[in-house]
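**Student:** If it helps, the file is called start-v7.pdb and holds PDB, C-alpha atoms:
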```pdb
ATOM      1  CA  MET A  74       0.000   0.000   0.000
ATOM      2  CA  PRO A  75       1.679   3.220  -1.154
ATOM      3  CA  LEU A  76       0.363   5.235   1.804
ATOM      4  CA  LEU A  77       2.740   3.364   4.089
ATOM      5  CA  LEU A  78       5.791   3.610   1.814
ATOM      6  CA  ASP A  79       8.173   6.461   1.169
ATOM      7  CA  TYR A  80      11.254   7.043  -0.967
ATOM      8  CA  GLY A  81      13.603   8.919   1.299
ATOM      9  CA  ALA A  82      14.129  10.331   4.768
ATOM     10  CA  THR A  83      13.624  13.898   3.555
ATOM     11  CA  THR A  84      10.287  13.173   1.930
ATOM     12  CA  MET A  85       9.162  11.129   4.915
ATOM     13  CA  PHE A  86      10.056  13.965   7.296
ATOM     14  CA  LEU A  87       8.325  16.623   5.177
ATOM     15  CA  GLY A  88       5.276  14.400   4.716
ATOM     16  CA  LEU A  89       4.992  13.761   8.444
ATOM     17  CA  ILE A  90       5.213  17.467   9.235
ATOM     18  CA  MET A  91       2.551  18.354   6.661
ATOM     19  CA  GLN A  92       0.282  15.554   7.856
ATOM     20  CA  PHE A  93       0.777  16.624  11.461
ATOM     21  CA  ILE A  94      -0.119  20.256  10.712
ATOM     22  CA  LEU A  95      -3.112  19.482   8.503
ATOM     23  CA  GLY A  96      -4.311  16.480  10.473
ATOM     24  CA  PHE A  97      -4.227  18.276  13.823
ATOM     25  CA  ILE A  98      -6.696  20.895  12.642
ATOM     26  CA  LEU A  99      -9.025  18.408  10.964
ATOM     27  CA  GLU A 100      -9.002  15.854  13.777
ATOM     28  CA  ASN A 101     -10.111  18.553  16.180
ATOM     29  CA  ASP A 102     -13.482  18.738  14.375
ATOM     30  CA  LEU A 103     -13.744  15.197  13.038
ATOM     31  CA  GLY A 104     -12.572  13.151  15.984
ATOM     32  CA  PRO A 105     -10.159  10.226  15.724
ATOM     33  CA  LEU A 106     -12.473   7.672  14.069
ATOM     34  CA  ARG A 107     -13.812  10.026  11.395
ATOM     35  CA  MET A 108     -10.283  11.281  10.797
ATOM     36  CA  LEU A 109      -9.106   7.724  10.180
ATOM     37  CA  VAL A 110     -11.979   7.135   7.743
ATOM     38  CA  PHE A 111     -11.246  10.454   6.027
ATOM     39  CA  TYR A 112      -7.518   9.671   5.723
ATOM     40  CA  LEU A 113      -8.232   6.252   4.232
ATOM     41  CA  ILE A 114     -10.844   7.583   1.781
ATOM     42  CA  ALA A 115      -8.508  10.324   0.556
ATOM     43  CA  GLY A 116      -5.454   8.072   0.485
ATOM     44  CA  ILE A 117      -6.953   4.981  -1.111
ATOM     45  CA  GLY A 118      -9.177   6.944  -3.489
ATOM     46  CA  GLY A 119      -6.275   9.113  -4.577
ATOM     47  CA  THR A 120      -4.027   6.087  -5.034
ATOM     48  CA  LEU A 121      -6.669   4.392  -7.178
ATOM     49  CA  MET A 122      -6.923   7.507  -9.335
ATOM     50  CA  GLY A 123      -3.138   7.585  -9.625
ATOM     51  CA  THR A 124      -3.211   3.940 -10.708
ATOM     52  CA  VAL A 125      -5.648   4.775 -13.493
ATOM     53  CA  ALA A 126      -3.613   7.840 -14.541
ATOM     54  CA  SER A 127      -0.201   6.138 -14.732
ATOM     55  CA  SER A 128       1.262   2.679 -15.252
ATOM     56  CA  GLN A 129       4.072   3.405 -12.785
ATOM     57  CA  TYR A 130       4.109   2.147  -9.206
ATOM     58  CA  ALA A 131       2.990   4.641  -6.575
ATOM     59  CA  VAL A 132       5.175   5.479  -3.591
ATOM     60  CA  GLY A 133       4.443   7.913  -0.796
ATOM     61  CA  PRO A 134       1.481   9.401   1.039
ATOM     62  CA  GLU A 135       0.942  12.310  -1.378
ATOM     63  CA  ALA A 136      -2.668  11.276  -1.982
ATOM     64  CA  ALA A 137      -3.553  11.445   1.708
ATOM     65  CA  THR A 138      -1.555  14.642   2.271
ATOM     66  CA  PHE A 139      -3.280  16.430  -0.592
ATOM     67  CA  GLY A 140      -6.581  14.962   0.611
ATOM     68  CA  MET A 141      -5.995  16.597   3.981
ATOM     69  CA  ALA A 142      -5.151  19.905   2.311
ATOM     70  CA  ALA A 143      -8.396  19.723   0.330
ATOM     71  CA  GLY A 144     -10.194  18.669   3.489
ATOM     72  CA  LEU A 145      -8.896  21.746   5.248
ATOM     73  CA  ILE A 146     -10.161  23.945   2.396
ATOM     74  CA  GLY A 147     -13.542  22.169   2.544
ATOM     75  CA  TRP A 148     -13.607  22.541   6.328
ATOM     76  CA  PHE A 149     -12.942  26.259   5.946
ATOM     77  CA  ALA A 150     -15.705  26.631   3.344
ATOM     78  CA  PHE A 151     -18.108  24.645   5.544
ATOM     79  CA  ASN A 152     -17.348  26.874   8.560
ATOM     80  CA  TRP A 153     -17.231  30.175   6.627
ATOM     81  CA  THR A 154     -20.090  31.785   8.576
ATOM     82  CA  ASN A 155     -18.868  30.409  11.918
ATOM     83  CA  PHE A 156     -15.690  32.450  11.549
ATOM     84  CA  GLU A 157     -17.822  35.571  11.431
ATOM     85  CA  GLN A 158     -20.095  34.594  14.331
ATOM     86  CA  VAL A 159     -17.757  32.760  16.713
ATOM     87  CA  HIS A 160     -14.368  34.284  15.960
ATOM     88  CA  GLN A 161     -15.714  37.720  14.954
ATOM     89  CA  CYS A 162     -13.700  37.774  11.714
ATOM     90  CA  THR A 163     -14.515  40.308   9.041
ATOM     91  CA  PHE A 164     -14.912  39.254   5.421
ATOM     92  CA  GLY A 165     -11.376  40.470   4.665
ATOM     93  CA  GLU A 166      -9.889  38.387   7.479
ATOM     94  CA  ARG A 167     -11.767  35.276   6.304
ATOM     95  CA  LEU A 168     -10.643  35.875   2.725
ATOM     96  CA  CYS A 169      -7.052  36.307   3.902
ATOM     97  CA  ARG A 170      -7.213  33.008   5.813
ATOM     98  CA  PHE A 171      -8.674  31.273   2.775
ATOM     99  CA  LEU A 172      -5.917  32.614   0.526
ATOM    100  CA  LEU A 173      -3.336  31.408   3.046
ATOM    101  CA  LEU A 174      -4.847  27.924   2.758
ATOM    102  CA  ILE A 175      -4.547  28.099  -1.015
ATOM    103  CA  MET A 176      -0.909  29.162  -0.614
ATOM    104  CA  LEU A 177      -0.415  26.125   1.634
ATOM    105  CA  VAL A 178      -1.620  23.853  -1.175
ATOM    106  CA  VAL A 179       0.758  25.548  -3.617
ATOM    107  CA  PHE A 180       3.553  25.096  -1.079
ATOM    108  CA  LEU A 181       2.636  21.409  -0.819
ATOM    109  CA  CYS A 182       2.970  21.083  -4.592
ATOM    110  CA  PHE A 183       6.402  22.709  -4.458
ATOM    111  CA  ILE A 184       7.562  20.440  -1.614
ATOM    112  CA  MET A 185       6.300  17.335  -3.389
ATOM    113  CA  ILE A 186       8.118  18.171  -6.624
ATOM    114  CA  SER A 187      11.361  19.374  -5.045
ATOM    115  CA  SER A 188      11.661  16.477  -2.594
ATOM    116  CA  ALA A 189      11.233  13.909  -5.370
ATOM    117  CA  GLU A 190      13.839  15.468  -7.676
ATOM    118  CA  PRO A 191      16.935  13.914  -6.006
ATOM    119  CA  HIS A 192      15.390  10.456  -6.426
ATOM    120  CA  LYS A 193      14.665  10.817 -10.149
ATOM    121  CA  ALA A 194      17.169   8.177 -11.324
ATOM    122  CA  TYR A 195      15.929   5.733  -8.678
ATOM    123  CA  ALA A 196      12.330   6.312  -9.762
ATOM    124  CA  GLU A 197      13.087   5.744 -13.423
ATOM    125  CA  ARG A 198      15.031   2.548 -12.716
ATOM    126  CA  PHE A 199      12.213   0.934 -10.725
ATOM    127  CA  SER A 200       9.302   2.574 -12.625
ATOM    128  CA  LEU A 201       8.062   4.575  -9.632
ATOM    129  CA  ALA A 202       5.734   7.556  -9.911
ATOM    130  CA  MET A 203       7.670  10.186  -7.977
ATOM    131  CA  PRO A 204       5.952  12.538  -7.433
ATOM    132  CA  ASP A 205       2.690  10.730  -8.021
ATOM    133  CA  THR A 206       0.709  13.568  -9.566
ATOM    134  CA  GLY A 207      -2.350  11.456 -10.429
ATOM    135  CA  ALA A 208      -2.626  10.268  -6.831
ATOM    136  CA  ALA A 209      -2.174  13.815  -5.513
ATOM    137  CA  VAL A 210      -4.998  15.134  -7.727
ATOM    138  CA  GLY A 211      -7.166  12.153  -6.818
ATOM    139  CA  GLY A 212      -6.452  12.619  -3.116
ATOM    140  CA  PHE A 213      -7.378  16.290  -3.427
ATOM    141  CA  LEU A 214     -10.710  15.459  -5.091
ATOM    142  CA  TYR A 215     -11.561  12.601  -2.736
ATOM    143  CA  GLY A 216     -10.473  14.641   0.288
ATOM    144  CA  PHE A 217     -12.664  17.604  -0.619
ATOM    145  CA  THR A 218     -15.665  15.335  -1.172
ATOM    146  CA  ALA A 219     -15.059  13.230   1.934
ATOM    147  CA  ILE A 220     -14.700  16.187   4.305
ATOM    148  CA  LEU A 221     -18.105  17.542   3.338
ATOM    149  CA  TRP A 222     -19.572  14.112   4.002
ATOM    150  CA  LEU A 223     -17.757  13.467   7.305
ATOM    151  CA  LEU A 224     -17.942  16.843   9.041
ATOM    152  CA  PRO A 225     -20.331  16.729  11.981
ATOM    153  CA  VAL A 226     -23.578  18.604  11.378
ATOM    154  CA  GLU A 227     -24.609  20.892  14.200
ATOM    155  CA  SER A 228     -28.299  21.282  14.835
ATOM    156  CA  HIS A 229     -29.470  24.871  15.151
ATOM    157  CA  ASP A 230     -32.554  25.110  17.331
ATOM    158  CA  GLY A 231     -34.386  28.295  16.600
TER
END
```
What do you get writing this file as structure tokens?

**Tutor:**
Amino acid sequence: MPLLLDYGATTMFLGLIMQFILGFILENDLGPLRMLVFYLIAGIGGTLMGTVASSQYAVGPEAATFGMAAGLIGWFAFNWTNFEQVHQCTFGERLCRFLLLIMLVVFLCFIMISSAEPHKAYAERFSLAMPDTGAAVGGFLYGFTAILWLLPVESHDG
């Protein structure tokens, strides 16, 4: 299972840091069981999409990491009005936070590409998809869909 594999200490370290940052925020709302289900949906779904997109072998948790990034964007969109009511954020502050999340996803793309570059010869020799772009896109799509399905719905009694 590619989610449990990695292709270098640098990529493993960067992946763990990104998963820790993104996962900490999401698990706070989802809880541990829903977070596990979310991680598996994003990771396995993204890996399956990467398998369809490329004949190379997948390595690394990019699908789950990008799924968590998309989940964080979905979580932010889902809680857009709560930021105004609970945290007293103006529209500009919410927009700034949203743009920072988008920058985080761009940063993830940069990290994924730059951390795989030193292992290019290794990847070509063993036919590995490094970075696994199809899995990352699939993880992003599955993660965004799964977060909207798994977020707890609060009842508003009027």

**Student:** Measuring between only C-alpha atoms, which one of A:Ala82, A:Val132, A:Ile220, A:Cys162 shows the shortest distance to Gly144 in chain A?

**Tutor:**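 Smallest distance to Gly144 in chain A is found for A:Ile220.
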
**Student:** Quick one: of A:Leu109, A:Met91, A:Ile98, A:Leu76, who's nearest to Ile184 in chain A, counting all atoms listed in the file?

**Tutor:**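 Closest candidate: A:Met91.
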
**Student:** I would like the residues chosen by the PyMOL selection byres ((chain A and resi 176-183) around 9) on the shown file; could you give them as a list of chain:residue names?

**Tutor:**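 Selection result, ordered by chain and number: A:Met91, A:Thr138, A:Phe139, A:Ala142, A:Ala143, A:Phe171, A:Leu172, A:Leu173, A:Leu174, A:Ile175, A:Ile184, A:Met185, A:Ile186, A:Ser187, A:Ser188, A:Ala209.
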
**Student:** Could you check which of A:Pro134, A:Gly207, A:Gly147, A:Gly212 is closest to Asp79 in chain A, using only C-alpha atoms?

**Tutor:**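 Among the listed residues, A:Pro134 lies closest to Asp79 in chain A.
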
**Student:** Quick one: everything within 10 Å of Ser128 in chain A, counting only C-alpha atoms, minus sequence neighbours fewer than 4 positions away in the same chain. Send it as an MDAnalysis selection string.

**Tutor:** chainID A and resid 123:124 200:202

**Student:** Keeping only C-alpha atoms, write the selected residues to a file as a tab-separated table (two decimals), in the frame of the given file.

**Tutor:**
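Output file part.tsv follows:
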```
chain	number	residue	atom	x	y	z
A	123	GLY	CA	-3.14	7.58	-9.62
A	124	THR	CA	-3.21	3.94	-10.71
A	200	SER	CA	9.30	2.57	-12.62
A	201	LEU	CA	8.06	4.58	-9.63
A	202	ALA	CA	5.73	7.56	-9.91
```

**Student:** Just the number, please: distance in Å from CA of Trp222 in chain A to CA of Arg107 in chain A, one decimal.

**Tutor:**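 Taking CA of Trp222 in chain A and CA of Arg107 in chain A, their separation equals 10.2 Å.
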
**Student:** Can you work out which one of A:Leu221, A:Ala194, A:Leu214, A:Ala137 has the shortest atom-to-atom distance to Leu113 in chain A, counting all atoms listed in the file?

**Tutor:** A:Ala137

**Student:** Counting only C-alpha atoms, figure out which residue out of A:Ala219, A:Leu99, A:Ala136, A:Val125 gets nearest to Phe149 in chain A.

**Tutor:**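 Ranked by minimum distance to Phe149 in chain A, first place goes to A:Leu99.
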
**Student:** Could you check how far CA of Phe111 in chain A sits from CA of Leu145 in chain A, in Å to one decimal?

**Tutor:**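 CA of Leu145 in chain A lies 11.6 Å from CA of Phe111 in chain A.
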
**Student:** Rounded to one decimal, what separation in Å do you get between CA of Leu77 in chain A and CA of Gln92 in chain A?

**Tutor:**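 A separation of 13.0 Å between them.
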